[in-house]
Structures are given as C-alpha cells and as structure tokens.
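Comments concern the structure below.
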Amino acid sequence: MTTTKAVRVASLVTAINVLVASGFSIAAIIRPQYLLPAGSVPTEASLLLAMYAAARTIPLALFALGAIYRQATPALLILGALAGAVQLLDAGIGLFEHDLGKCAGPLFIAVVQFFVVYLLHRADHAAKAPHFQADGRP
C-alpha cells in the first residue's frame, strides 16, 4: 500500500473513531438516558463523569482532525494509536457492564483503528527506507 493511500485510509478511520467517541460523550451530557444502563436515573454524578469524558475525547478529536488536515503522518500514527486504545478501554467497560453492544462496537473500532495505524506505519517506514538500484547503489 502506498503511503498516500495509507494516510487516506488511516485518516478516514481515525476521523470516524474520534467523532463517534466525541459524539457519545456530548450525548452523555445532553441526553444521558441514552447511554446509561436501562432503569438508571441521570444524576449530577453521571453528568460530571460525562463532562470528564468529553474533556478527554473532544481535544483528542480536535488534535486528530488537525493532524488529518495537515497530513502529519507521525502525529496521525500517535493519535490514531491513542484513539484505538481509548476504544479498547471502552470495550473493557462494556465487558464489565456485561453489555455486548457496548463491548463489541468499541472492540471492532479498536481493531480496525489499530490495523490502519499498522498499515500506515508500514507504508511510512517503507517510503523512508533507502531504495537501492540493481548494482547496489542508493
């Protein structure tokens, strides 16, 4: 895969990842009943936790979108891996809650995110490697 194609794929997946994560944290502030377990009542504590989540996901989204806009491959590699780790931890929370949907969705996104980060790293590394001519000269 060429570096350009890998950057495009990683940019798309990372953008979707961080926008979805930010959307969920914003939804938890605005309409917490959509994200709380069935039968739970929104409280001041749930609002506070939602604001903590938003305080982490929104800056990650902004920095990732900035890296995507600038096509900054090193930043995209780091922020993409971080976004994947966040989703992996979200899957762990879903597992803890015994909620298949809250586990499977983030786990799927994490796996796809880590895969595109791997592809981008591999393509970037191959592009930076010295290329030799048939006679061995660089």
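In the structure tokens, each chain is lettered A, B, ... as it comes, each chain's residues begin at 1, and ligands are numbered from 1 in order of appearance.
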
Need the shell around Ile30 (chain A): protein/DNA/RNA residues with any atom at most 12 Å away, counting only C-alpha atoms. Skip same-chain ones fewer than 2 positions apart. Format as a VMD selection string? chain A and resid 23 to 28 32 to 35 42 46 to 48 50 to 51 54

With N, CA and C atoms retained, write the just-selected residues as an mmCIF file, in the first residue's frame.
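Output file part.cif follows:
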data_model
loop_
_atom_site.group_PDB
_atom_site.id
_atom_site.type_symbol
_atom_site.label_atom_id
_atom_site.label_comp_id
_atom_site.auth_asym_id
_atom_site.auth_seq_id
_atom_site.Cartn_x
_atom_site.Cartn_y
_atom_site.Cartn_z
ATOM 1 N N GLY A 23 -18.973 12.326 19.959
ATOM 2 C CA GLY A 23 -20.433 12.371 19.890
ATOM 3 C C GLY A 23 -21.083 11.669 21.063
ATOM 4 N N PHE A 24 -20.539 10.514 21.437
ATOM 5 C CA PHE A 24 -21.086 9.796 22.590
ATOM 6 C C PHE A 24 -20.888 10.588 23.879
ATOM 7 N N SER A 25 -19.733 11.213 24.032
ATOM 8 C CA SER A 25 -19.509 11.967 25.266
ATOM 9 C C SER A 25 -20.393 13.216 25.322
ATOM 10 N N ILE A 26 -20.612 13.846 24.176
ATOM 11 C CA ILE A 26 -21.511 15.003 24.139
ATOM 12 C C ILE A 26 -22.957 14.555 24.381
ATOM 13 N N ALA A 27 -23.342 13.425 23.785
ATOM 14 C CA ALA A 27 -24.691 12.892 24.015
ATOM 15 C C ALA A 27 -24.901 12.559 25.486
ATOM 16 N N ALA A 28 -23.858 12.080 26.159
ATOM 17 C CA ALA A 28 -23.974 11.752 27.580
ATOM 18 C C ALA A 28 -24.221 13.003 28.421
ATOM 19 N N PRO A 32 -28.267 11.968 28.812
ATOM 20 C CA PRO A 32 -27.596 10.838 29.460
ATOM 21 C C PRO A 32 -28.419 9.556 29.477
ATOM 22 N N GLN A 33 -29.738 9.650 29.430
ATOM 23 C CA GLN A 33 -30.573 8.459 29.481
ATOM 24 C C GLN A 33 -30.336 7.534 28.285
ATOM 25 N N TYR A 34 -29.801 8.067 27.173
ATOM 26 C CA TYR A 34 -29.500 7.235 26.011
ATOM 27 C C TYR A 34 -28.303 6.322 26.251
ATOM 28 N N LEU A 35 -27.426 6.694 27.164
ATOM 29 C CA LEU A 35 -26.190 5.939 27.372
ATOM 30 C C LEU A 35 -26.143 5.201 28.704
ATOM 31 N N PRO A 42 -30.456 9.592 35.451
ATOM 32 C CA PRO A 42 -29.330 10.527 35.366
ATOM 33 C C PRO A 42 -29.206 11.333 36.670
ATOM 34 N N SER A 46 -23.491 11.424 37.148
ATOM 35 C CA SER A 46 -23.390 10.946 35.763
ATOM 36 C C SER A 46 -23.065 12.102 34.815
ATOM 37 N N LEU A 47 -23.603 13.289 35.100
ATOM 38 C CA LEU A 47 -23.269 14.475 34.298
ATOM 39 C C LEU A 47 -21.796 14.826 34.454
ATOM 40 N N LEU A 48 -21.298 14.762 35.656
ATOM 41 C CA LEU A 48 -19.890 15.067 35.915
ATOM 42 C C LEU A 48 -18.976 14.089 35.178
ATOM 43 N N ALA A 50 -19.731 12.406 32.503
ATOM 44 C CA ALA A 50 -19.859 12.684 31.070
ATOM 45 C C ALA A 50 -18.991 13.876 30.676
ATOM 46 N N MET A 51 -18.940 14.885 31.541
ATOM 47 C CA MET A 51 -18.097 16.047 31.246
ATOM 48 C C MET A 51 -16.618 15.670 31.273
ATOM 49 N N ALA A 54 -15.977 14.005 27.976
ATOM 50 C CA ALA A 54 -15.907 14.993 26.897
ATOM 51 C C ALA A 54 -14.602 15.780 26.952
#

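Shortest atom-to-atom contact with His125 (chain A) among A:Leu19, A:Ala85, A:Ala53, A:Pro74: A:Pro74, counting only C-alpha atoms.
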
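Distance check against Val9 (chain A) using only C-alpha atoms: of A:Ala110, A:His98, A:Gly80, A:Gly92, the minimum falls on A:Gly80.
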
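Nearest residue to Asp99 (chain A), choosing from A:Ala15, A:Leu36, A:Ala123, A:Leu79 and counting only C-alpha atoms: A:Leu36.
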
Between CA of Tyr69 (chain A) and CA of Arg8 (chain A), what is the distance, to one decimal in Å? 10.7 Å

Which of chain A end up as alpha helix (DSSP H) when DSSP is run on this backbone - answer as a PyMOL selection string? chain A and resi 3-30+44-70+73-96+100-128

Neighbour list for Pro59 (chain A) as an MDAnalysis selection string, cut-off 10 Å, only C-alpha atoms, skip fewer than 6 positions in-chain: chainID A and resid 18 22 65

Give me a file of those residues, with C-alpha atoms, as an mmCIF file, in the first residue's frame.
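The resulting file, part.cif, is reproduced below:
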data_model
loop_
_atom_site.group_PDB
_atom_site.id
_atom_site.type_symbol
_atom_site.label_atom_id
_atom_site.label_comp_id
_atom_site.auth_asym_id
_atom_site.auth_seq_id
_atom_site.Cartn_x
_atom_site.Cartn_y
_atom_site.Cartn_z
ATOM 1 C CA VAL A 18 -12.779 10.327 17.247
ATOM 2 C CA SER A 22 -16.827 12.741 20.950
ATOM 3 C CA LEU A 65 -8.579 16.186 12.872
#

Find the residues around Leu107 (chain A) up to 12 Å (only C-alpha atoms counted), leave out those fewer than 6 positions away in its own chain, and share them as an mmCIF file with N, CA and C atoms, in the first residue's frame.
data_model
loop_
_atom_site.group_PDB
_atom_site.id
_atom_site.type_symbol
_atom_site.label_atom_id
_atom_site.label_comp_id
_atom_site.auth_asym_id
_atom_site.auth_seq_id
_atom_site.Cartn_x
_atom_site.Cartn_y
_atom_site.Cartn_z
ATOM 1 N N ASN A 17 -13.593 7.428 14.121
ATOM 2 C CA ASN A 17 -13.381 6.992 15.503
ATOM 3 C C ASN A 17 -13.525 8.158 16.481
ATOM 4 N N ALA A 83 -6.371 6.837 19.948
ATOM 5 C CA ALA A 83 -7.815 6.673 19.728
ATOM 6 C C ALA A 83 -8.204 5.192 19.774
ATOM 7 N N GLY A 84 -7.355 4.340 19.236
ATOM 8 C CA GLY A 84 -7.612 2.896 19.308
ATOM 9 C C GLY A 84 -7.560 2.387 20.740
ATOM 10 N N ALA A 85 -6.612 2.892 21.526
ATOM 11 C CA ALA A 85 -6.505 2.484 22.935
ATOM 12 C C ALA A 85 -7.740 2.925 23.722
ATOM 13 N N VAL A 86 -8.245 4.117 23.425
ATOM 14 C CA VAL A 86 -9.460 4.605 24.092
ATOM 15 C C VAL A 86 -10.625 3.658 23.786
ATOM 16 N N GLN A 87 -10.761 3.267 22.529
ATOM 17 C CA GLN A 87 -11.849 2.353 22.162
ATOM 18 C C GLN A 87 -11.672 0.984 22.812
ATOM 19 N N LEU A 88 -10.444 0.532 22.912
ATOM 20 C CA LEU A 88 -10.187 -0.754 23.566
ATOM 21 C C LEU A 88 -10.591 -0.701 25.040
ATOM 22 N N LEU A 89 -10.281 0.396 25.692
ATOM 23 C CA LEU A 89 -10.694 0.559 27.090
ATOM 24 C C LEU A 89 -12.212 0.688 27.201
ATOM 25 N N ASP A 90 -12.844 1.350 26.247
ATOM 26 C CA ASP A 90 -14.309 1.416 26.232
ATOM 27 C C ASP A 90 -14.908 0.017 26.096
ATOM 28 N N ALA A 91 -14.289 -0.821 25.279
ATOM 29 C CA ALA A 91 -14.760 -2.207 25.146
ATOM 30 C C ALA A 91 -14.642 -2.938 26.479
ATOM 31 N N GLY A 92 -13.576 -2.661 27.215
ATOM 32 C CA GLY A 92 -13.423 -3.261 28.545
ATOM 33 C C GLY A 92 -14.521 -2.823 29.499
ATOM 34 N N ILE A 93 -14.932 -1.572 29.394
ATOM 35 C CA ILE A 93 -16.041 -1.085 30.229
ATOM 36 C C ILE A 93 -17.332 -1.808 29.848
ATOM 37 N N GLY A 94 -17.571 -1.981 28.551
ATOM 38 C CA GLY A 94 -18.747 -2.720 28.098
ATOM 39 C C GLY A 94 -18.733 -4.153 28.584
ATOM 40 N N LEU A 95 -17.561 -4.748 28.601
ATOM 41 C CA LEU A 95 -17.422 -6.113 29.123
ATOM 42 C C LEU A 95 -17.725 -6.144 30.618
ATOM 43 N N LEU A 100 -23.109 -6.560 25.611
ATOM 44 C CA LEU A 100 -22.444 -6.979 24.377
ATOM 45 C C LEU A 100 -22.280 -5.824 23.382
ATOM 46 N N GLY A 101 -23.303 -4.985 23.255
ATOM 47 C CA GLY A 101 -23.222 -3.864 22.320
ATOM 48 C C GLY A 101 -22.167 -2.856 22.702
ATOM 49 N N GLN A 113 -8.974 0.387 13.936
ATOM 50 C CA GLN A 113 -8.071 1.526 14.147
ATOM 51 C C GLN A 113 -6.623 1.062 14.245
ATOM 52 N N PHE A 114 -6.371 0.028 15.047
ATOM 53 C CA PHE A 114 -5.004 -0.478 15.182
ATOM 54 C C PHE A 114 -4.487 -1.029 13.850
#
